[in-house]
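Participant: The following block contains the structure, expressed as structure tokens.
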Amino acid sequence: MSEARPGARNGRATLSSYVCGYLLAIGLSAASFAVAESTLWAPAVPVALAVLAVAQMGVHLVFFLHITTAPDSTNNVLALAFGVLIVILVVGGSLWIMSHLDSNMMPAMRMNAQGF
């Protein structure tokens, strides 16, 4: 019988799986700080930070939210997908509104906003 979650027994997560996830999350956070403070080639820093961020999201999804490929995880995956959709709609809508407000601002208001 295969395990549905890392460190799971009888469908329940164990303390060791939470500790493993916590240690991985701390390690990835420390690596992100180290990359941000390093003197790497400048274009490599955002790419490295993005890779570490995706890895940390994966750690959180697997070890803390228990998102797996198991059939009993369908509701968790749907809830996560819905949450991501809502965040995309709110952030995208806000950026769209701000962009249109900026392009449709009257010239006198634009001069006052710039401090002239």
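Note on naming: chains are A, B, ... as they come in the structure tokens, residues start from 1 per chain, ligands start from 1 in the order shown.
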From chain A, collect each residue whose DSSP state is helix (DSSP H, G or I) and return the set as an MDAnalysis selection string.

Facilitator: chainID A and resid 15:37 44:64 71:103 107:113

Participant: Generate a file of the selected residues that holds C-alpha atoms, formatted as an mmCIF file, in the first residue's frame.

Facilitator:
```cif
data_model
loop_
_atom_site.group_PDB
_atom_site.id
_atom_site.type_symbol
_atom_site.label_atom_id
_atom_site.label_comp_id
_atom_site.auth_asym_id
_atom_site.auth_seq_id
_atom_site.Cartn_x
_atom_site.Cartn_y
_atom_site.Cartn_z
ATOM 1 C CA LEU A 15 4.872 14.981 13.479
ATOM 2 C CA SER A 16 7.942 13.961 11.490
ATOM 3 C CA SER A 17 6.338 15.089 8.220
ATOM 4 C CA TYR A 18 5.535 18.492 9.723
ATOM 5 C CA VAL A 19 9.063 18.843 11.108
ATOM 6 C CA CYS A 20 10.528 17.873 7.722
ATOM 7 C CA GLY A 21 8.321 20.464 5.966
ATOM 8 C CA TYR A 22 9.233 23.106 8.541
ATOM 9 C CA LEU A 23 12.955 22.456 8.109
ATOM 10 C CA LEU A 24 12.652 22.571 4.316
ATOM 11 C CA ALA A 25 10.700 25.841 4.511
ATOM 12 C CA ILE A 26 13.323 27.387 6.815
ATOM 13 C CA GLY A 27 16.120 26.188 4.529
ATOM 14 C CA LEU A 28 14.449 27.629 1.432
ATOM 15 C CA SER A 29 13.824 30.941 3.220
ATOM 16 C CA ALA A 30 17.463 31.117 4.291
ATOM 17 C CA ALA A 31 18.558 30.312 0.742
ATOM 18 C CA SER A 32 16.347 33.136 -0.581
ATOM 19 C CA PHE A 33 17.937 35.621 1.806
ATOM 20 C CA ALA A 34 21.395 34.365 0.857
ATOM 21 C CA VAL A 35 20.660 34.755 -2.867
ATOM 22 C CA ALA A 36 19.257 38.263 -2.355
ATOM 23 C CA GLU A 37 22.357 39.340 -0.417
ATOM 24 C CA ALA A 44 20.367 35.402 -12.151
ATOM 25 C CA VAL A 45 19.045 36.779 -8.860
ATOM 26 C CA PRO A 46 15.353 37.151 -9.869
ATOM 27 C CA VAL A 47 15.408 33.763 -11.562
ATOM 28 C CA ALA A 48 16.923 32.091 -8.504
ATOM 29 C CA LEU A 49 14.414 33.803 -6.206
ATOM 30 C CA ALA A 50 11.529 32.675 -8.429
ATOM 31 C CA VAL A 51 12.778 29.070 -8.392
ATOM 32 C CA LEU A 52 13.154 29.123 -4.601
ATOM 33 C CA ALA A 53 9.674 30.655 -4.229
ATOM 34 C CA VAL A 54 8.083 27.934 -6.361
ATOM 35 C CA ALA A 55 9.964 25.280 -4.390
ATOM 36 C CA GLN A 56 8.723 26.769 -1.122
ATOM 37 C CA MET A 57 5.148 26.818 -2.425
ATOM 38 C CA GLY A 58 5.527 23.148 -3.281
ATOM 39 C CA VAL A 59 6.798 22.358 0.214
ATOM 40 C CA HIS A 60 3.838 24.157 1.785
ATOM 41 C CA LEU A 61 1.339 22.456 -0.519
ATOM 42 C CA VAL A 62 2.661 18.965 0.134
ATOM 43 C CA PHE A 63 3.720 19.043 3.772
ATOM 44 C CA PHE A 64 1.205 21.450 5.333
ATOM 45 C CA PRO A 71 -8.080 10.586 -4.936
ATOM 46 C CA ASP A 72 -9.114 11.887 -1.494
ATOM 47 C CA SER A 73 -7.291 15.170 -2.176
ATOM 48 C CA THR A 74 -9.722 16.371 -4.869
ATOM 49 C CA ASN A 75 -11.542 18.865 -2.632
ATOM 50 C CA ASN A 76 -8.260 20.385 -1.477
ATOM 51 C CA VAL A 77 -7.088 20.819 -5.060
ATOM 52 C CA LEU A 78 -10.385 22.414 -6.115
ATOM 53 C CA ALA A 79 -10.316 24.795 -3.139
ATOM 54 C CA LEU A 80 -6.732 25.751 -3.982
ATOM 55 C CA ALA A 81 -7.612 26.325 -7.659
ATOM 56 C CA PHE A 82 -10.566 28.513 -6.656
ATOM 57 C CA GLY A 83 -8.367 30.546 -4.304
ATOM 58 C CA VAL A 84 -5.767 31.061 -7.025
ATOM 59 C CA LEU A 85 -8.506 32.153 -9.452
ATOM 60 C CA ILE A 86 -9.835 34.718 -6.977
ATOM 61 C CA VAL A 87 -6.343 36.117 -6.324
ATOM 62 C CA ILE A 88 -5.661 36.394 -10.071
ATOM 63 C CA LEU A 89 -8.984 38.180 -10.620
ATOM 64 C CA VAL A 90 -8.410 40.643 -7.765
ATOM 65 C CA VAL A 91 -4.789 41.447 -8.654
ATOM 66 C CA GLY A 92 -5.439 41.544 -12.418
ATOM 67 C CA GLY A 93 -8.573 43.652 -11.998
ATOM 68 C CA SER A 94 -6.777 46.089 -9.715
ATOM 69 C CA LEU A 95 -3.905 46.491 -12.176
ATOM 70 C CA TRP A 96 -6.356 46.950 -15.051
ATOM 71 C CA ILE A 97 -8.319 49.615 -13.169
ATOM 72 C CA MET A 98 -5.171 51.483 -12.120
ATOM 73 C CA SER A 99 -3.833 51.376 -15.682
ATOM 74 C CA HIS A 100 -7.028 52.821 -17.089
ATOM 75 C CA LEU A 101 -7.226 55.467 -14.380
ATOM 76 C CA ASP A 102 -3.669 56.541 -15.193
ATOM 77 C CA SER A 103 -4.277 56.731 -18.941
ATOM 78 C CA PRO A 107 -3.697 66.684 -17.736
ATOM 79 C CA ALA A 108 -4.170 69.177 -14.872
ATOM 80 C CA MET A 109 -4.592 66.340 -12.376
ATOM 81 C CA ARG A 110 -1.513 64.595 -13.754
ATOM 82 C CA MET A 111 0.596 67.710 -13.259
ATOM 83 C CA ASN A 112 -0.585 68.055 -9.662
ATOM 84 C CA ALA A 113 0.122 64.401 -8.982
#
```
